[in-house]
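Structure file start.cif (mmCIF, C-alpha atoms) is printed below.
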```cif
data_final
loop_
_atom_site.label_atom_id
_atom_site.label_comp_id
_atom_site.auth_asym_id
_atom_site.auth_seq_id
_atom_site.Cartn_x
_atom_site.Cartn_y
_atom_site.Cartn_z
CA MET R 129 60.07 23.89 16.43
CA MET R 130 61.50 20.41 17.01
CA LYS R 131 58.25 19.28 18.66
CA LEU R 132 56.25 20.52 15.69
CA LEU R 133 58.52 18.60 13.31
CA ILE R 134 58.12 15.40 15.32
CA ILE R 135 54.33 15.81 15.42
CA LEU R 136 54.33 16.37 11.64
CA ILE R 137 56.43 13.25 11.02
CA VAL R 138 54.17 11.14 13.29
CA PHE R 139 51.11 12.52 11.49
CA ILE R 140 52.52 11.65 8.04
CA VAL R 141 53.46 8.12 9.19
CA CYS R 142 49.96 7.58 10.65
CA VAL R 143 48.20 8.85 7.51
CA THR R 144 50.42 6.71 5.25
CA ALA R 145 49.81 3.62 7.40
CA ALA R 146 46.05 4.23 7.48
CA TYR R 147 45.92 4.69 3.69
CA GLY R 148 48.01 1.56 3.17
CA LEU R 149 45.71 -0.44 5.43
CA ALA R 150 42.60 0.92 3.72
CA MET R 151 43.94 0.06 0.25
CA GLN R 152 45.31 -3.36 1.28
CA GLY R 153 43.92 -6.10 -0.93
CA ARG R 154 42.32 -3.55 -3.23
CA ALA R 155 43.37 -4.16 -6.82
CA SER R 156 43.43 -1.57 -9.54
CA MET R 157 40.78 -2.26 -12.20
CA GLN R 158 41.03 -1.15 -15.79
CA LEU R 159 37.98 -1.53 -17.99
CA GLY R 160 38.15 -1.13 -21.74
CA PHE R 161 34.99 -0.98 -23.82
CA SER R 162 35.55 -0.89 -27.56
CA MET R 163 32.70 0.05 -29.90
CA HIS R 164 32.66 -0.39 -33.67
CA ASN R 165 31.09 2.20 -35.97
CA ALA R 166 31.22 4.78 -33.22
CA VAL R 167 32.23 8.40 -32.82
CA ALA R 168 34.25 9.64 -29.85
CA LEU R 169 32.81 12.54 -27.92
CA ASP R 170 34.31 14.55 -25.06
CA ASP R 171 34.82 13.39 -21.49
CA GLY R 172 34.75 9.65 -22.06
CA PHE R 173 31.49 9.67 -24.02
CA ALA R 174 30.95 8.06 -27.41
CA SER R 175 28.12 7.92 -29.84
CA ALA R 176 27.15 4.79 -31.76
CA GLY R 177 24.51 3.81 -34.28
CA ASN R 178 22.53 6.77 -35.54
CA ASN R 179 24.11 9.20 -33.07
CA SER R 180 21.06 9.08 -30.84
CA ILE R 181 22.67 6.61 -28.47
CA VAL R 182 25.38 7.65 -26.08
CA ALA R 183 27.57 5.05 -24.41
CA LEU R 184 29.66 5.93 -21.41
CA ILE R 185 31.85 4.18 -18.93
CA ALA R 186 31.33 5.81 -15.60
CA VAL R 187 32.51 4.92 -12.15
CA THR R 188 30.09 4.81 -9.30
CA ASP R 189 32.68 5.46 -6.64
CA ALA R 190 34.64 8.56 -7.66
CA GLN R 191 36.70 8.64 -4.52
CA HIS R 192 38.97 5.86 -5.76
CA ASN R 193 40.86 8.03 -8.25
CA ALA R 194 38.84 7.31 -11.34
CA GLN R 195 40.56 7.97 -14.65
CA TYR R 196 38.97 8.12 -18.09
CA ASP R 197 40.25 8.09 -21.63
CA ALA R 198 38.87 7.71 -25.14
CA ASN R 199 40.93 6.56 -28.13
CA VAL R 200 39.90 6.29 -31.76
CA ASP R 201 41.16 3.38 -33.85
CA GLY R 202 39.75 3.47 -37.38
CA ASP R 203 35.98 3.23 -37.04
CA SER R 204 36.21 2.02 -33.45
CA VAL R 205 36.25 3.96 -30.22
CA LEU R 206 37.85 2.56 -27.10
CA LEU R 207 36.49 4.01 -23.90
CA GLY R 208 38.61 3.30 -20.87
CA ALA R 209 38.13 3.77 -17.16
CA SER R 210 40.19 2.70 -14.22
CA GLN R 211 39.72 2.81 -10.49
CA ALA R 212 39.97 0.56 -7.47
CA SER R 213 36.42 -0.22 -6.40
CA GLY R 214 35.69 -2.38 -9.47
CA ARG R 215 32.32 -0.76 -10.07
CA PHE R 216 31.38 0.72 -13.42
CA ILE R 217 28.23 1.61 -15.28
CA LEU R 218 27.64 1.36 -19.01
CA ILE R 219 24.98 3.76 -20.25
CA PHE R 220 23.07 3.07 -23.47
CA THR R 221 20.52 5.76 -23.99
CA ASN R 222 19.33 8.69 -26.03
CA ALA R 223 20.75 11.78 -24.36
CA ASN R 224 23.53 14.32 -24.58
CA HIS R 225 26.44 15.06 -22.25
CA GLY R 226 24.48 17.69 -20.34
CA ASP R 227 21.56 15.35 -19.65
CA ILE R 228 23.86 12.70 -18.25
CA ALA R 229 26.17 15.02 -16.32
CA SER R 230 23.23 16.75 -14.65
CA LYS R 231 21.91 13.53 -13.15
CA PRO R 232 22.84 12.51 -9.60
CA PRO R 233 25.10 9.47 -9.35
CA VAL R 234 23.86 5.89 -9.32
CA PRO R 235 22.00 4.45 -7.40
CA SER R 236 19.81 7.56 -7.03
CA THR R 237 19.43 7.76 -10.79
CA LYS R 238 17.53 5.15 -12.78
CA TYR R 239 17.41 6.97 -16.11
CA PHE R 240 20.13 9.06 -17.72
CA GLY R 241 18.38 9.73 -20.99
CA ASN R 242 14.97 10.68 -22.27
CA VAL R 243 13.49 7.37 -21.31
CA LYS R 244 9.77 6.86 -21.07
CA VAL R 245 9.23 3.82 -18.89
CA THR R 246 5.73 2.50 -18.53
CA VAL R 247 5.32 1.93 -14.83
CA PRO R 248 2.46 -0.26 -13.62
CA GLY R 249 -0.02 1.41 -11.30
CA SER R 250 1.04 -0.79 -8.42
CA SER R 251 4.49 -2.18 -7.73
CA LYS R 252 6.14 -4.09 -4.95
CA THR R 253 8.93 -2.37 -3.02
CA HIS R 254 12.44 -3.83 -3.11
CA VAL R 255 15.23 -3.20 -0.60
CA ARG R 256 18.75 -4.27 -1.61
CA LEU R 257 22.18 -4.49 0.02
CA GLU R 258 25.13 -4.81 -2.38
CA TYR R 259 28.62 -5.92 -1.37
CA ASN R 260 31.77 -5.67 -3.45
CA ASP R 261 34.59 -6.59 -1.08
CA ILE R 262 32.64 -9.34 0.71
CA ASP R 263 32.18 -12.79 -0.79
CA ILE R 264 28.78 -14.16 0.19
CA VAL R 265 28.87 -17.92 -0.24
CA SER R 266 25.23 -18.77 0.47
CA ARG R 267 22.12 -18.79 -1.70
CA LEU R 268 18.98 -18.46 0.40
CA PHE R 269 15.33 -17.62 0.02
CA TRP R 270 12.86 -17.27 2.85
CA GLY R 271 9.44 -15.75 3.36
CA SER R 272 7.30 -14.18 6.05
CA GLY R 273 7.45 -15.26 9.68
CA PHE R 274 9.80 -15.42 12.66
CA HIS R 275 13.35 -16.43 11.74
CA SER R 276 16.89 -16.36 13.05
CA LEU R 277 19.54 -15.49 10.50
CA VAL R 278 22.97 -16.81 11.44
CA ILE R 279 25.81 -14.95 9.70
CA ARG R 280 29.36 -16.32 9.91
CA ASN R 281 32.69 -15.18 8.48
CA ILE R 282 34.61 -18.29 7.45
CA GLY R 283 37.25 -16.25 5.60
CA SER R 284 39.84 -13.83 6.84
CA VAL R 285 39.82 -10.14 7.62
CA LEU R 286 41.39 -9.36 4.23
CA GLU R 287 39.24 -11.85 2.32
CA PRO R 288 35.90 -12.17 4.12
CA LYS R 289 33.72 -15.12 3.15
CA ILE R 290 30.26 -14.86 4.60
CA VAL R 291 28.05 -17.90 5.14
CA MET R 292 24.41 -17.45 6.07
CA GLY R 293 21.80 -19.81 7.39
CA VAL R 294 18.18 -19.18 8.26
CA TYR R 295 16.22 -21.04 10.92
CA ASP R 296 12.55 -20.89 11.91
CA GLN R 297 11.99 -19.79 15.47
CA MET D 281 -45.09 3.12 3.69
CA ASN D 282 -43.12 5.68 5.66
CA THR D 283 -41.53 2.93 7.68
CA LEU D 284 -40.43 1.14 4.49
CA LEU D 285 -38.96 4.34 3.10
CA VAL D 286 -37.03 4.95 6.32
CA ALA D 287 -35.74 1.37 6.22
CA VAL D 288 -34.58 1.77 2.60
CA VAL D 289 -32.85 5.08 3.44
CA ILE D 290 -31.13 3.52 6.46
CA LEU D 291 -30.07 0.54 4.35
CA ALA D 292 -28.71 2.89 1.68
CA ILE D 293 -26.76 4.87 4.30
CA VAL D 294 -25.32 1.67 5.77
CA ALA D 295 -24.37 0.38 2.30
CA ALA D 296 -22.78 3.72 1.31
CA SER D 297 -20.87 3.84 4.59
CA ALA D 298 -19.61 0.30 4.08
CA ILE D 299 -18.40 1.15 0.58
CA LEU D 300 -16.70 4.36 1.82
CA VAL D 301 -14.97 2.50 4.65
CA ASN D 302 -13.91 -0.27 2.32
CA THR D 303 -12.44 2.04 -0.33
CA ASN D 304 -10.92 4.81 1.78
CA ILE D 305 -10.03 3.35 5.14
CA GLY D 306 -9.25 -0.04 3.59
CA SER D 307 -6.63 1.36 1.20
CA SER D 308 -5.28 3.65 3.92
CA LEU D 309 -4.96 0.69 6.26
CA GLN D 310 -3.27 -1.34 3.51
CA LYS D 311 -0.76 1.48 2.93
CA THR D 312 -0.09 1.79 6.67
CA MET D 313 0.51 -1.96 6.88
CA GLY D 314 2.82 -1.68 3.87
CA MET D 315 4.78 1.17 5.49
CA TYR D 316 5.07 -0.88 8.67
CA SER D 317 6.26 -3.91 6.69
CA LEU D 318 8.86 -1.81 4.83
CA GLY D 319 9.99 -0.14 8.07
CA THR D 320 10.49 -3.52 9.74
CA ALA D 321 12.36 -4.83 6.69
CA LYS D 322 14.65 -1.79 6.68
CA GLN D 323 15.44 -2.38 10.37
CA VAL D 324 16.32 -6.03 9.67
CA MET D 325 18.40 -5.11 6.61
CA SER D 326 20.19 -2.44 8.64
CA SER D 327 20.94 -5.03 11.36
CA ILE D 328 22.28 -7.44 8.71
CA ASN D 329 24.45 -4.66 7.24
CA SER D 330 25.85 -3.78 10.68
CA ALA D 331 26.50 -7.46 11.39
CA MET D 332 28.37 -7.80 8.07
CA ASP D 333 30.45 -4.69 8.85
CA SER D 334 31.53 -6.06 12.22
CA LEU D 335 32.02 -9.67 11.02
CA ILE D 336 34.48 -8.75 8.26
CA LEU D 337 36.80 -7.41 10.95
CA GLU D 338 36.58 -10.65 12.90
CA ALA D 339 37.37 -13.94 11.16
CA ASP D 340 37.96 -17.43 12.66
CA GLY D 341 34.35 -18.47 12.26
CA LYS D 342 32.98 -15.55 14.25
CA ARG D 343 29.22 -15.51 13.93
CA THR D 344 26.26 -13.35 14.80
CA ILE D 345 22.49 -13.85 14.82
CA VAL D 346 19.89 -11.46 13.45
CA LYS D 347 16.23 -12.15 14.21
CA ASP D 348 13.52 -11.16 11.77
CA ASN D 349 9.78 -11.11 11.57
CA VAL D 350 8.85 -9.60 8.26
CA ASN D 351 6.04 -9.70 5.76
CA GLY D 352 7.79 -10.39 2.46
CA TYR D 353 10.64 -12.37 0.93
CA PHE D 354 14.39 -12.33 1.50
CA ILE D 355 16.79 -13.44 -1.22
CA VAL D 356 20.50 -13.95 -0.53
CA SER D 357 22.42 -14.17 -3.81
CA GLY D 358 25.97 -15.45 -3.35
CA LYS D 359 26.66 -15.12 -7.08
CA THR D 360 26.18 -11.34 -7.01
CA SER D 361 26.93 -10.77 -3.29
CA GLU D 362 23.55 -9.18 -2.72
CA ILE D 363 20.84 -9.44 -0.10
CA LYS D 364 17.39 -8.47 -1.32
CA PHE D 365 14.04 -7.99 0.34
CA VAL D 366 10.76 -7.86 -1.54
CA THR D 367 7.82 -6.51 0.43
CA GLN D 368 4.42 -8.01 -0.26
CA ALA D 369 2.83 -4.61 0.21
CA MET D 370 2.07 -2.67 -2.97
CA ASN D 371 2.67 1.04 -3.66
CA VAL D 372 4.55 1.81 -0.45
CA ILE D 373 6.82 4.15 -2.43
CA GLU D 374 6.04 5.73 -5.78
CA PRO D 375 6.39 3.13 -8.57
CA GLY D 376 9.43 3.73 -10.79
CA THR D 377 11.49 5.45 -8.10
CA GLN D 378 14.78 4.46 -6.51
CA LYS D 379 16.56 5.91 -3.49
CA TYR D 380 19.67 5.25 -1.44
CA GLU D 381 19.21 5.11 2.33
CA ASN D 382 21.79 4.04 4.95
CA GLY D 383 23.59 1.72 2.55
CA MET D 384 20.33 0.26 1.22
CA ILE D 385 18.92 0.72 -2.26
CA ILE D 386 15.14 1.02 -2.09
CA SER D 387 13.24 0.77 -5.36
CA SER D 388 9.86 0.08 -6.84
CA GLY D 389 8.92 -0.58 -10.42
CA PRO D 390 8.33 -3.12 -13.15
CA GLN D 391 10.43 -6.27 -13.09
CA SER D 392 13.20 -6.76 -15.65
CA LEU D 393 13.39 -9.88 -17.78
CA ALA D 394 16.12 -12.51 -17.68
CA TYR D 395 15.99 -15.40 -20.13
CA GLU D 396 17.85 -17.63 -22.57
CA GLY D 397 17.21 -16.97 -26.24
CA ASP D 398 18.74 -16.24 -29.62
CA VAL D 399 18.62 -12.44 -29.85
CA ASP D 400 21.50 -11.94 -32.31
CA GLY D 401 20.28 -14.44 -34.91
CA ASP D 402 23.27 -16.82 -34.79
CA ASN D 403 21.02 -19.83 -34.09
CA GLU D 404 22.52 -20.23 -30.62
CA ASP D 405 20.97 -19.15 -27.36
CA GLU D 406 22.47 -16.35 -25.31
CA PHE D 407 21.85 -15.17 -21.76
CA VAL D 408 19.68 -12.09 -22.05
CA LEU D 409 18.78 -9.25 -19.69
CA GLU D 410 16.01 -7.02 -20.97
CA ASN D 411 13.86 -4.15 -19.79
CA SER D 412 11.87 -1.44 -21.55
CA ALA D 413 15.06 0.49 -22.47
CA VAL D 414 17.91 -1.98 -23.04
CA VAL D 415 18.64 -5.50 -24.34
CA PHE D 416 21.94 -6.86 -23.04
CA ALA D 417 23.08 -10.33 -24.14
CA VAL D 418 26.13 -12.44 -23.28
CA GLU D 419 27.31 -15.66 -24.94
CA LYS D 420 26.29 -18.84 -23.14
CA ILE D 421 29.64 -20.52 -22.40
CA GLY D 422 30.40 -23.60 -20.28
CA SER D 423 28.91 -24.22 -16.89
CA ALA D 424 30.00 -24.28 -13.24
CA ASP D 425 30.94 -27.96 -13.69
CA GLU D 426 32.44 -27.69 -17.17
CA HIS D 427 34.55 -24.62 -17.86
CA ASP D 428 35.23 -23.61 -21.45
CA LYS D 429 37.28 -21.07 -23.41
CA ILE D 430 36.01 -17.49 -23.13
CA ASP D 431 36.96 -14.81 -25.66
CA MET D 432 36.32 -11.50 -23.89
CA LYS D 433 36.33 -9.68 -27.23
CA SER D 434 33.16 -11.45 -28.33
CA VAL D 435 31.53 -12.53 -25.07
CA ILE D 436 29.02 -9.65 -25.21
CA SER D 437 26.64 -10.71 -28.00
CA MET D 438 24.41 -7.67 -28.17
CA ILE D 439 23.63 -4.33 -26.58
CA LYS D 440 20.55 -2.63 -27.97
CA ASN D 441 18.88 0.65 -27.19
CA LYS D 442 15.20 -0.18 -27.62
CA TYR D 443 14.18 3.46 -28.03
CA THR D 444 16.39 4.22 -31.01
CA GLY D 445 16.86 0.65 -32.24
CA ALA D 446 20.62 1.25 -32.29
CA ILE D 447 22.79 -1.82 -31.70
CA VAL D 448 26.24 -1.38 -30.19
CA GLU D 449 28.92 -3.76 -31.50
CA SER D 450 31.37 -3.96 -28.64
CA GLU D 451 34.44 -5.68 -27.23
CA LEU D 452 35.25 -5.92 -23.56
CA ASP D 453 38.66 -5.85 -21.93
CA ILE D 454 39.15 -6.07 -18.17
CA GLU D 455 42.58 -5.82 -16.60
CA ILE D 456 43.51 -6.20 -12.96
CA ASP D 457 46.61 -4.29 -11.87
CA GLY D 458 47.55 -3.72 -15.50
CA SER D 459 47.32 -7.29 -16.80
CA SER D 460 44.67 -9.64 -18.12
CA PRO D 461 44.02 -12.96 -16.36
CA LYS D 462 46.42 -15.74 -17.39
CA LYS D 463 43.65 -18.22 -18.06
CA GLU D 464 41.00 -17.57 -20.66
CA THR D 465 38.62 -20.22 -19.43
CA GLY D 466 35.55 -20.10 -17.25
CA TYR D 467 31.81 -19.95 -17.73
CA THR D 468 28.91 -17.56 -17.97
CA GLU D 469 25.66 -17.84 -16.06
CA ILE D 470 22.46 -15.96 -15.52
CA VAL D 471 21.32 -15.07 -11.99
CA SER D 472 17.65 -14.27 -11.73
CA HIS D 473 14.74 -14.68 -9.40
CA THR D 474 11.09 -14.28 -10.21
CA MET D 475 10.70 -11.93 -7.24
CA ALA D 476 13.74 -9.74 -8.01
CA VAL D 477 13.53 -6.25 -9.50
CA SER D 478 16.96 -6.65 -11.13
CA ASN D 479 18.76 -9.60 -12.73
CA SER D 480 22.40 -10.34 -13.47
CA ILE D 481 24.73 -12.18 -15.83
CA VAL D 482 28.06 -13.34 -14.41
CA ILE D 483 31.19 -13.94 -16.52
CA HIS D 484 33.44 -16.12 -14.38
CA ILE D 485 37.12 -16.15 -15.45
CA ASP D 486 39.21 -18.89 -13.78
CA ASP D 487 41.83 -17.55 -11.35
CA GLY D 488 40.88 -14.05 -12.48
CA TYR D 489 37.62 -12.36 -11.68
CA ASP D 490 33.84 -12.42 -11.73
CA ALA D 491 32.36 -9.71 -13.95
CA ILE D 492 28.77 -9.20 -12.81
CA PHE D 493 26.46 -7.28 -15.16
CA THR D 494 23.17 -6.18 -13.60
CA LEU D 495 20.15 -4.62 -15.31
CA GLY D 496 17.38 -3.19 -13.18
CA ALA D 497 13.79 -2.48 -14.11
CA GLY D 498 13.55 0.40 -16.56
CA GLN D 499 17.20 1.44 -16.19
CA ASP D 500 18.97 2.71 -19.31
CA PHE D 501 22.34 1.49 -18.08
CA VAL D 502 24.00 -1.77 -17.07
CA SER D 503 25.95 -1.88 -13.80
CA LEU D 504 29.22 -3.79 -13.87
CA LYS D 505 30.87 -5.07 -10.73
CA VAL D 506 34.28 -6.73 -11.07
CA ARG D 507 35.18 -9.02 -8.19
CA VAL D 508 38.74 -10.31 -8.05
CA ILE D 509 39.11 -14.03 -7.32
CA GLN D 510 42.10 -14.52 -5.03
#
```

Structure rendered as structure tokens:
Amino acid sequence: MMKLLIILIVFIVCVTAAYGLAMQGRASMQLGFSMHNAVALDDGFASAGNNSIVALIAVTDAQHNAQYDANVDGDSVLLGASQASGRFILIFTNANHGDIASKPPVPSTKYFGNVKVTVPGSSKTHVRLEYNDIDIVSRLFWGSGFHSLVIRNIGSVLEPKIVMGVYDQ
Amino acid sequence: MNTLLVAVVILAIVAASAILVNTNIGSSLQKTMGMYSLGTAKQVMSSINSAMDSLILEADGKRTIVKDNVNGYFIVSGKTSEIKFVTQAMNVIEPGTQKYENGMIISSGPQSLAYEGDVDGDNEDEFVLENSAVVFAVEKIGSADEHDKIDMKSVISMIKNKYTGAIVESELDIEIDGSSPKKETGYTEIVSHTMAVSNSIVIHIDDGYDAIFTLGAGQDFVSLKVRVIQ
């Protein structure tokens, strides 16, 4: 019984330490988006204009304890969202709650509403890497050929600053 | 006469074969080359991503080298902390689609617009992101060399749904750990590249944060990334 208690205490200490380390340097972000001449809807949605547009503050990374609220102040609606990752999306489209809720999360989804986008018959393909907790200092552009990309962290572990340089081989 | 007829028939067969090869095998070969180019780019991007993951755990100038040999363009955008690759091959994936793969966002579609112009009719230019669904405009304030006062309540000039024509009048409020930044100065700037499928507007608040708004091709939403400035 005593052994079990000790193991439990060690486990709790380890989990707490790991969580603390993971959240270190991560600030809590609160985003408020106030719309005039709008109507509040359920679940953090609001309707503006002629009711055919739905605006929403959503959070792309739900694992960081996202919280939503909607307050009405006269003819304005304040949509609020808070979480730690600092990533939000603002949707401006013609749809209803069901349409939006049924869509997979960003980035898989490009359209939340009944959007008819004219897509050209041929398009180039784009591959993108996005970083939120890493500060990339460089601005670079390079084309086809053999290159060496040198990547260096001139910051710290808590505040990484990445510098890049590209050299022809 | 017979000999001439045979020659004409042979010539016709050769010409038809050449056209068939050119149209079918040519496009197939082009697609295969495109797939190869995209596959190589994904490998390089994956190597860069792995290098970034390991480098952020090791500071003190630790560096690593990634070699590439790709057919396309790389763009490193420090303003938005993004690394982008644009393949020169066309139609490798279905136009208008977007997918998430091993930390990479792979997309294909029309390019979004980024420009300076007066979209709200106040006789002053704004920074504008526009695609077929949304117009998103932010006041043009200061510059990297000359910071100016920023009122977050009015910094977003216009958000318009192009399908319904509805314009959203909005105010923005960003708080970090429950409080707004002490300074209300900074600058706004537009980050775009002619080769990029998405463009961004950055609101830089001194000693506070960078708020990065990004609009992709055809998207009916604006992504907002808030990066705290330590």

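Matched in the shown structure by the PyMOL selection byres ((chain D and resi 461) around 12): Met157 of chain R; Ile430, Asp431, Met432, Asp453, Ile454, Glu455, Ile456, Asp457, Gly458, Ser459, Ser460, Lys462, Lys463, Glu464, Thr465, Gly466, His484, Ile485, Asp486, Asp487, Gly488, Tyr489, Asp490, Val508, Ile509 and Gln510 of chain D.
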
Apply the PyMOL selection byres ((chain D and resi 411-418) around 8) to the displayed file and report the matching residues as a PyMOL selection string. (chain R and resi 220-221+243+245-246) or (chain D and resi 391-393+399+406-410+419-420+435-443+468+481+495-501)

Please expand the PyMOL selection byres ((chain R and resi 285) around 8) into the concrete residues it hits in this file, giving the result as a PyMOL selection string. (chain R and resi 283-284+286-288) or (chain D and resi 336-339)

Rounded to one decimal in Å, what is the spacing between atom CA of Ser326 of chain D and atom CA of Arg256 of chain R? 10.5 Å

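If you look at atom CA of Phe354 of chain D and atom CA of Thr312 of chain D, they are 20.9 Å away from each other.
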
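Take the candidates R:Val205, R:Ile228, R:Ala223, R:Met163 and check each one against chain D using all atoms listed in the file; the shortest distance goes to R:Met163.
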
Counting all atoms listed in the file, the residue of D:Lys359, D:Lys364, D:Lys433, D:Lys379 that sits nearest His254 of chain R: D:Lys364

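Nearest residue to Ala176 of chain R among R:Phe269, R:Thr237, R:Ser204, R:Gly226 is R:Ser204, counting all atoms listed in the file.
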
Put a box with edges along x, y and z around all the listed atoms of segment 328-347 of chain D, pad it by 8 Å on each side, then give me its centre and sizes in Å, one decimal, as JSON.
```
{"center_x": 27.1, "center_y": -11.1, "center_z": 11.0, "size_x": 37.7, "size_y": 30.7, "size_z": 23.6}
```

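Using only C-alpha atoms for every distance, the candidate list D:Ala295, D:Val289, D:Leu335, D:Ala394 yields D:Ala394 as the residue closest to His473 of chain D.
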
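The interatomic distance for the pair atom CA of Leu159 of chain R and atom CA of Gln211 of chain R works out to 8.8 Å.
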